[in-house]
Amino acid sequence: MRFANLDDTPMFRQQLQCLEEGAESLRARCCKFYKGCRKYTEGLGEAYDEDIAFASAIENFGGGHSDPHFVALGGPVMTKFTIALREISTYKELLRSQVEHIFNDRLLPIVNVDIHEVKEARKCFDKASLVYDQAREKFMSLRKSTKIDIATGIEEELRDARASFEEARFNLVGTLNNIEIKKRFEFLEAVAGIMDAHLRYFQQGYQLLHQMEPFINEVMDYVHQSRESYNNEQISLYKRMQDYKKQVFEESRLSLNGPYGSPRGDSAHPFCRISNEVADVVMESAANGKVQIIRQGYLSKRSSNLRGDWKRRYFVLDSRGMLYYYRKPWSGSYGSNQPSPKRNSGTENGSGLLSRWLSSHYHGGVHDERSVARHTVNLLTSTIKVDADQSDLRFCFRIISPSKNYTLQAENAVDQMDWMEKINGVIASLLSVQTLGMPLSADSENGDSHSDDYIDKLESSPDDDHNVTVKSASKNSTPNNHLRSSRSLQLYKHSIRIDKPIDVLRKVSGNDKCADCGKPEPDWASLNLGILICIECSGVHRNLGVHISKVRSLTLDVKVWEPSVLSMLKSLGNVFANSVWEELLRSPSNLQTVDTPAG
């Protein structure tokens, strides 16, 4: 027990001095402890910010519901994990606030109040002790001859000084005893409270993650299955690449001594085979309006400029009879901005090696993501033959039409004959569809001759006025039959020139209703969107501006409806146009459905 004897003795004074030194040492310890606690609370705050940043990074990586990669990247799962991480971060912030509260309420009062009171009590004690010693010396120095009233006053001063001294002494004892008692439990209580806060923090985190344990295990199982699927897909892809390499090797070997022609690439026999499979695909496309790719791949196209250089383009032939290729959207011809190298006068129209080097130098060799599709010619009025004029190059063939001729070169004889077979099959099938599905009148046999350019502008489309299902083109079709069918097609198209635009376009599937609101019998059209709309929706389209929608009337604007414009709108239709413009809408369009024509 401290202060067993409260008398002012040297031992008592020694005890006070030891307690004061202990209080000063405790103050230094508390300052260091407080600095460490402050760093810990600041670390908890920074950890909370980092946890929130981590959760936000996961959330941003997963993307929102409008992100096209949201599901592929596991966005819904990451969203659930993000919510859990934010909840755990909230628990950590609560832990930080509790620790900081304990430090401020327990530790700071001891340093700032209790130990400070010891210093103040020591000052008061020293001052009162000095006054008491002076009063006692003064009283002890009185002589016997001193007057009674003077001795009485000095004695009174001594009594007051001793009372002040005793009060200051006991005040110092009380403050020192207060510290000695508090340090037994205050610090333990603070640290125990911090540990209890940690216990609740980890318990809350464990309970939250324990509830998510089945979901986490489910995700891990899915990841394991996905990894196995990935390994299987990698193996499958490797096998497919090996098979493709073998196929390319076989095709390369056959292209040198193939069964379709001479090594020079010039076939000695005119091509007359027509694929029944191609004919079936074209008939099916004409019947149900579904477009299928018949052939696609790289071909070298000879330019129509003076150099006559060769450009490698990616060609696509579909079941509508559309032959188009991809090229880069050049802002202008590089040859016009750069000096042209001199060409060898011995080169025939630039068709040799030099022209290919010029092509790669000025135009590039491959297409990329920025490529745009460009239509070539109307196959209905075209024919194809082996390009025997190009004696210096192999594997060439030409597409001849009234408007333009294309000279193309395949990479080998197999590709050359396959392209020719597919294109001839499409031409014969389209002519059969047009001839059998659109009967001609007797007096139209003597129809006037009209421009080949006009016929070339009218394109075959799965949404033509009359879609029919016909039998496959016969393998015995001859060029005379093709010529007769082409002539019949020209006469038929001449006969429909007198039809009004509104009558022609309303026959296209889906054009009987407004493309936007579904109102029947639309009498307005958007030229650059390729749709028919009602008069109410035409006002909305006019407000958008002509750079977005160029609106014209089917009955009032007469000069607009050139054959090329009618052909373009006939080849589209509201159903097909909406499938393009409304492709990214989440809810399916409820305007109309495609009517399947009767066989």
# chains A, B, ... in the order shown; residues from 1 in each chain; ligands from 1
$ residues_around --residues "segment 316-323 of chain A" --least-positions-apart "2" --cutoff "6 Å" --atoms "only C-alpha atoms" --output "PyMOL selection string"
chain A and resi 282+291-296+461
$ closest_residue --among "A:Cys37, A:Cys537, A:Leu569, A:Val414" --to "Cys517 of chain A" --atoms "only C-alpha atoms"
A:Cys537
$ select_by_dssp --residues "segment 53-109 of chain A" --states "helix (DSSP H, G or I)" --output "JSON, numbers by chain"
{"A": [53, 54, 55, 56, 57, 58, 59, 60, 61, 62, 75, 76, 77, 78, 79, 80, 81, 82, 83, 84, 85, 86, 87, 88, 89, 90, 91, 92, 93, 94, 95, 96, 97, 98, 99, 100, 101, 102, 103, 104, 105, 106, 107, 108, 109]}
$ residues_around --residues "segment 195-212 of chain A" --least-positions-apart "2" --cutoff "7 Å" --atoms "only C-alpha atoms" --output "PDB file with C-alpha atoms, in the first residue's frame"
ATOM      1  CA  ILE A  88     -16.253  -5.762 -45.158  1.00  0.00           C
ATOM      2  CA  TYR A  91     -16.677  -3.169 -40.904  1.00  0.00           C
ATOM      3  CA  LYS A  92     -13.064  -2.023 -41.110  1.00  0.00           C
ATOM      4  CA  LEU A  95     -13.129  -0.834 -36.314  1.00  0.00           C
ATOM      5  CA  GLN A  98     -13.834   2.335 -32.321  1.00  0.00           C
ATOM      6  CA  VAL A 191      -6.209  -2.575 -25.163  1.00  0.00           C
ATOM      7  CA  ALA A 192      -8.888  -5.112 -24.238  1.00  0.00           C
ATOM      8  CA  GLY A 193     -11.523  -2.851 -25.833  1.00  0.00           C
ATOM      9  CA  PRO A 214     -21.793 -21.934 -51.109  1.00  0.00           C
ATOM     10  CA  PHE A 215     -21.806 -19.261 -53.786  1.00  0.00           C
ATOM     11  CA  ILE A 216     -17.996 -19.032 -53.786  1.00  0.00           C
TER      12      ILE A 216
END
$ residues_around --residues "segment 527-534 of chain A" --least-positions-apart "2" --cutoff "7 Å" --atoms "only C-alpha atoms" --output "PyMOL selection string"
chain A and resi 511+514-516+519+522-525+536-538+549-551+569+572-574+577
$ write_last_selection --atoms "all heavy atoms" --output "CSV table (one decimal), in the first residue's frame"
chain,number,residue,atom,x,y,z
A,511,ASN,N,-43.3,-3.6,-95.9
A,511,ASN,CA,-43.5,-2.2,-96.3
A,511,ASN,C,-45.0,-1.9,-96.3
A,511,ASN,O,-45.4,-0.7,-96.6
A,511,ASN,CB,-43.0,-1.9,-97.7
A,511,ASN,CG,-41.5,-1.8,-97.7
A,511,ASN,OD1,-40.9,-1.9,-96.6
A,511,ASN,ND2,-40.9,-1.6,-98.8
A,514,CYS,N,-45.8,1.1,-91.3
A,514,CYS,CA,-44.8,2.0,-90.9
A,514,CYS,C,-43.7,1.3,-90.2
A,514,CYS,O,-43.9,0.5,-89.3
A,514,CYS,CB,-45.4,3.2,-90.1
A,514,CYS,SG,-44.1,4.4,-89.5
A,515,ALA,N,-42.4,1.6,-90.5
A,515,ALA,CA,-41.3,1.0,-89.9
A,515,ALA,C,-41.1,1.4,-88.5
A,515,ALA,O,-40.5,0.6,-87.7
A,515,ALA,CB,-40.0,1.3,-90.7
A,516,ASP,N,-41.7,2.5,-88.0
A,516,ASP,CA,-41.5,3.0,-86.7
A,516,ASP,C,-42.7,2.7,-85.8
A,516,ASP,O,-42.6,2.0,-84.7
A,516,ASP,CB,-41.3,4.5,-86.7
A,516,ASP,CG,-39.9,4.9,-87.2
A,516,ASP,OD1,-39.1,4.0,-87.3
A,516,ASP,OD2,-39.7,6.1,-87.5
A,519,LYS,N,-48.1,1.7,-88.3
A,519,LYS,CA,-49.4,2.2,-88.9
A,519,LYS,C,-49.5,1.7,-90.3
A,519,LYS,O,-48.5,1.7,-91.1
A,519,LYS,CB,-49.5,3.7,-88.9
A,519,LYS,CG,-50.8,4.3,-89.4
A,519,LYS,CD,-50.8,5.8,-89.2
A,519,LYS,CE,-52.1,6.4,-89.8
A,519,LYS,NZ,-52.2,7.8,-89.6
A,522,PRO,N,-48.1,3.1,-95.3
A,522,PRO,CA,-47.2,4.3,-95.2
A,522,PRO,C,-47.0,4.9,-96.6
A,522,PRO,O,-46.9,4.2,-97.6
A,522,PRO,CB,-45.9,3.7,-94.6
A,522,PRO,CG,-45.9,2.3,-95.1
A,522,PRO,CD,-47.4,1.9,-95.0
A,523,ASP,N,-47.0,6.2,-96.7
A,523,ASP,CA,-46.8,6.9,-97.9
A,523,ASP,C,-45.6,7.8,-98.0
A,523,ASP,O,-45.6,8.7,-98.8
A,523,ASP,CB,-48.1,7.6,-98.3
A,523,ASP,CG,-48.6,8.5,-97.2
A,523,ASP,OD1,-47.9,8.6,-96.1
A,523,ASP,OD2,-49.6,9.2,-97.4
A,524,TRP,N,-44.7,7.7,-97.0
A,524,TRP,CA,-43.5,8.4,-97.0
A,524,TRP,C,-42.3,7.5,-96.9
A,524,TRP,O,-42.5,6.4,-96.4
A,524,TRP,CB,-43.4,9.4,-95.9
A,524,TRP,CG,-44.4,10.6,-96.1
A,524,TRP,CD1,-45.8,10.5,-95.9
A,524,TRP,CD2,-44.1,11.9,-96.5
A,524,TRP,NE1,-46.3,11.7,-96.2
A,524,TRP,CE2,-45.4,12.6,-96.6
A,524,TRP,CE3,-43.0,12.5,-96.9
A,524,TRP,CZ2,-45.4,13.9,-97.0
A,524,TRP,CZ3,-43.1,13.9,-97.3
A,524,TRP,CH2,-44.3,14.5,-97.4
A,525,ALA,N,-41.1,7.9,-97.3
A,525,ALA,CA,-39.9,7.0,-97.2
A,525,ALA,C,-38.7,7.8,-96.8
A,525,ALA,O,-38.6,9.0,-97.0
A,525,ALA,CB,-39.7,6.4,-98.6
A,536,GLU,N,-47.1,10.9,-89.8
A,536,GLU,CA,-46.7,11.4,-88.5
A,536,GLU,C,-45.2,11.1,-88.2
A,536,GLU,O,-44.5,12.0,-87.7
A,536,GLU,CB,-47.6,10.7,-87.4
A,536,GLU,CG,-49.0,11.1,-87.4
A,536,GLU,CD,-49.8,10.4,-88.5
A,536,GLU,OE1,-49.3,9.5,-89.2
A,536,GLU,OE2,-51.0,10.7,-88.6
A,537,CYS,N,-44.7,9.9,-88.5
A,537,CYS,CA,-43.3,9.6,-88.3
A,537,CYS,C,-42.4,10.4,-89.2
A,537,CYS,O,-41.3,10.7,-88.9
A,537,CYS,CB,-43.1,8.1,-88.4
A,537,CYS,SG,-43.9,7.1,-87.2
A,538,SER,N,-42.9,10.8,-90.4
A,538,SER,CA,-42.1,11.5,-91.3
A,538,SER,C,-41.8,12.9,-90.7
A,538,SER,O,-40.7,13.4,-90.9
A,538,SER,CB,-42.8,11.7,-92.7
A,538,SER,OG,-44.0,12.5,-92.5
A,549,SER,N,-31.9,11.4,-91.6
A,549,SER,CA,-33.0,10.8,-92.3
A,549,SER,C,-33.5,11.8,-93.4
A,549,SER,O,-33.9,12.9,-93.1
A,549,SER,CB,-34.1,10.5,-91.3
A,549,SER,OG,-35.2,9.8,-92.0
A,550,LYS,N,-33.4,11.4,-94.6
A,550,LYS,CA,-33.8,12.2,-95.8
A,550,LYS,C,-35.2,11.7,-96.2
A,550,LYS,O,-35.3,10.7,-96.8
A,550,LYS,CB,-32.8,12.2,-96.9
A,550,LYS,CG,-33.1,13.1,-98.0
A,550,LYS,CD,-32.0,13.1,-99.1
A,550,LYS,CE,-32.2,14.1,-100.2
A,550,LYS,NZ,-31.1,14.0,-101.2
A,551,VAL,N,-36.3,12.5,-95.9
A,551,VAL,CA,-37.6,12.0,-96.1
A,551,VAL,C,-38.2,12.6,-97.4
A,551,VAL,O,-38.0,13.7,-97.7
A,551,VAL,CB,-38.5,12.5,-94.9
A,551,VAL,CG1,-39.9,12.0,-95.1
A,551,VAL,CG2,-37.9,12.0,-93.6
A,569,LEU,N,-34.4,0.5,-102.4
A,569,LEU,CA,-35.5,0.4,-101.4
A,569,LEU,C,-36.2,-1.0,-101.5
A,569,LEU,O,-36.6,-1.6,-100.5
A,569,LEU,CB,-36.5,1.5,-101.5
A,569,LEU,CG,-36.0,2.9,-101.1
A,569,LEU,CD1,-37.1,3.9,-101.3
A,569,LEU,CD2,-35.7,2.8,-99.6
A,572,LEU,N,-34.2,-3.7,-99.8
A,572,LEU,CA,-34.2,-3.7,-98.3
A,572,LEU,C,-35.5,-4.1,-97.7
A,572,LEU,O,-35.7,-5.2,-97.2
A,572,LEU,CB,-33.8,-2.2,-97.9
A,572,LEU,CG,-32.4,-1.8,-98.3
A,572,LEU,CD1,-32.1,-0.3,-97.9
A,572,LEU,CD2,-31.3,-2.7,-97.7
A,573,GLY,N,-36.5,-3.2,-97.6
A,573,GLY,CA,-37.7,-3.4,-97.0
A,573,GLY,C,-37.6,-3.1,-95.5
A,573,GLY,O,-36.5,-3.0,-94.9
A,574,ASN,N,-38.8,-2.8,-94.9
A,574,ASN,CA,-38.8,-2.4,-93.5
A,574,ASN,C,-38.3,-3.5,-92.5
A,574,ASN,O,-37.6,-3.2,-91.5
A,574,ASN,CB,-40.2,-2.0,-93.1
A,574,ASN,CG,-40.7,-0.7,-93.6
A,574,ASN,OD1,-39.8,0.0,-94.2
A,574,ASN,ND2,-41.9,-0.3,-93.5
A,577,ALA,N,-34.5,-3.6,-92.9
A,577,ALA,CA,-33.9,-2.4,-92.4
A,577,ALA,C,-33.9,-2.3,-90.9
A,577,ALA,O,-33.0,-1.9,-90.2
A,577,ALA,CB,-34.6,-1.2,-93.0
$ residues_around --residues "Val219 of chain A" --least-positions-apart "5" --cutoff "10 Å" --atoms "only C-alpha atoms" --output "PDB file with N, CA and C atoms, in the first residue's frame"
ATOM      1  N   GLY A  74     -17.949 -12.211 -66.346  1.00  0.00           N
ATOM      2  CA  GLY A  74     -18.447 -12.567 -65.019  1.00  0.00           C
ATOM      3  C   GLY A  74     -18.952 -11.373 -64.247  1.00  0.00           C
ATOM      4  N   VAL A  77     -21.322 -11.992 -61.135  1.00  0.00           N
ATOM      5  CA  VAL A  77     -20.583 -12.564 -60.000  1.00  0.00           C
ATOM      6  C   VAL A  77     -19.717 -11.492 -59.357  1.00  0.00           C
ATOM      7  N   GLU A 213     -20.174 -18.691 -48.708  1.00  0.00           N
ATOM      8  CA  GLU A 213     -19.331 -19.846 -49.008  1.00  0.00           C
ATOM      9  C   GLU A 213     -19.933 -20.758 -50.072  1.00  0.00           C
ATOM     10  N   PRO A 214     -21.232 -21.094 -50.023  1.00  0.00           N
ATOM     11  CA  PRO A 214     -21.793 -21.934 -51.109  1.00  0.00           C
ATOM     12  C   PRO A 214     -21.680 -21.272 -52.479  1.00  0.00           C
ATOM     13  N   HIS A 224     -13.497 -24.046 -62.637  1.00  0.00           N
ATOM     14  CA  HIS A 224     -12.798 -25.299 -62.942  1.00  0.00           C
ATOM     15  C   HIS A 224     -13.336 -25.915 -64.238  1.00  0.00           C
ATOM     16  N   GLN A 225     -14.661 -25.916 -64.385  1.00  0.00           N
ATOM     17  CA  GLN A 225     -15.249 -26.452 -65.611  1.00  0.00           C
ATOM     18  C   GLN A 225     -14.866 -25.609 -66.824  1.00  0.00           C
TER      19      GLN A 225
END
$ atom_distance --atom1 "atom CA of Asn578 of chain A" --atom2 "atom CA of Lys513 of chain A"
12.2 Å
$ closest_residue --among "A:Arg122, A:Phe81, A:Leu505, A:Glu46" --to "Ser567 of chain A" --atoms "only C-alpha atoms"
A:Leu505
$ closest_residue --among "A:Lys182, A:Phe139, A:Ile110, A:Ser226" --to "Ala72 of chain A" --atoms "only C-alpha atoms"
A:Ser226
$ atom_distance --atom1 "atom CA of Tyr48 of chain A" --atom2 "atom CA of Glu93 of chain A"
6.1 Å
$ atom_distance --atom1 "atom CA of Gln14 of chain A" --atom2 "atom CA of Phe165 of chain A"
17.0 Å
$ closest_residue --among "A:Ala55, A:Leu172, A:Leu158, A:Met78" --to "Arg13 of chain A" --atoms "only C-alpha atoms"
A:Leu172
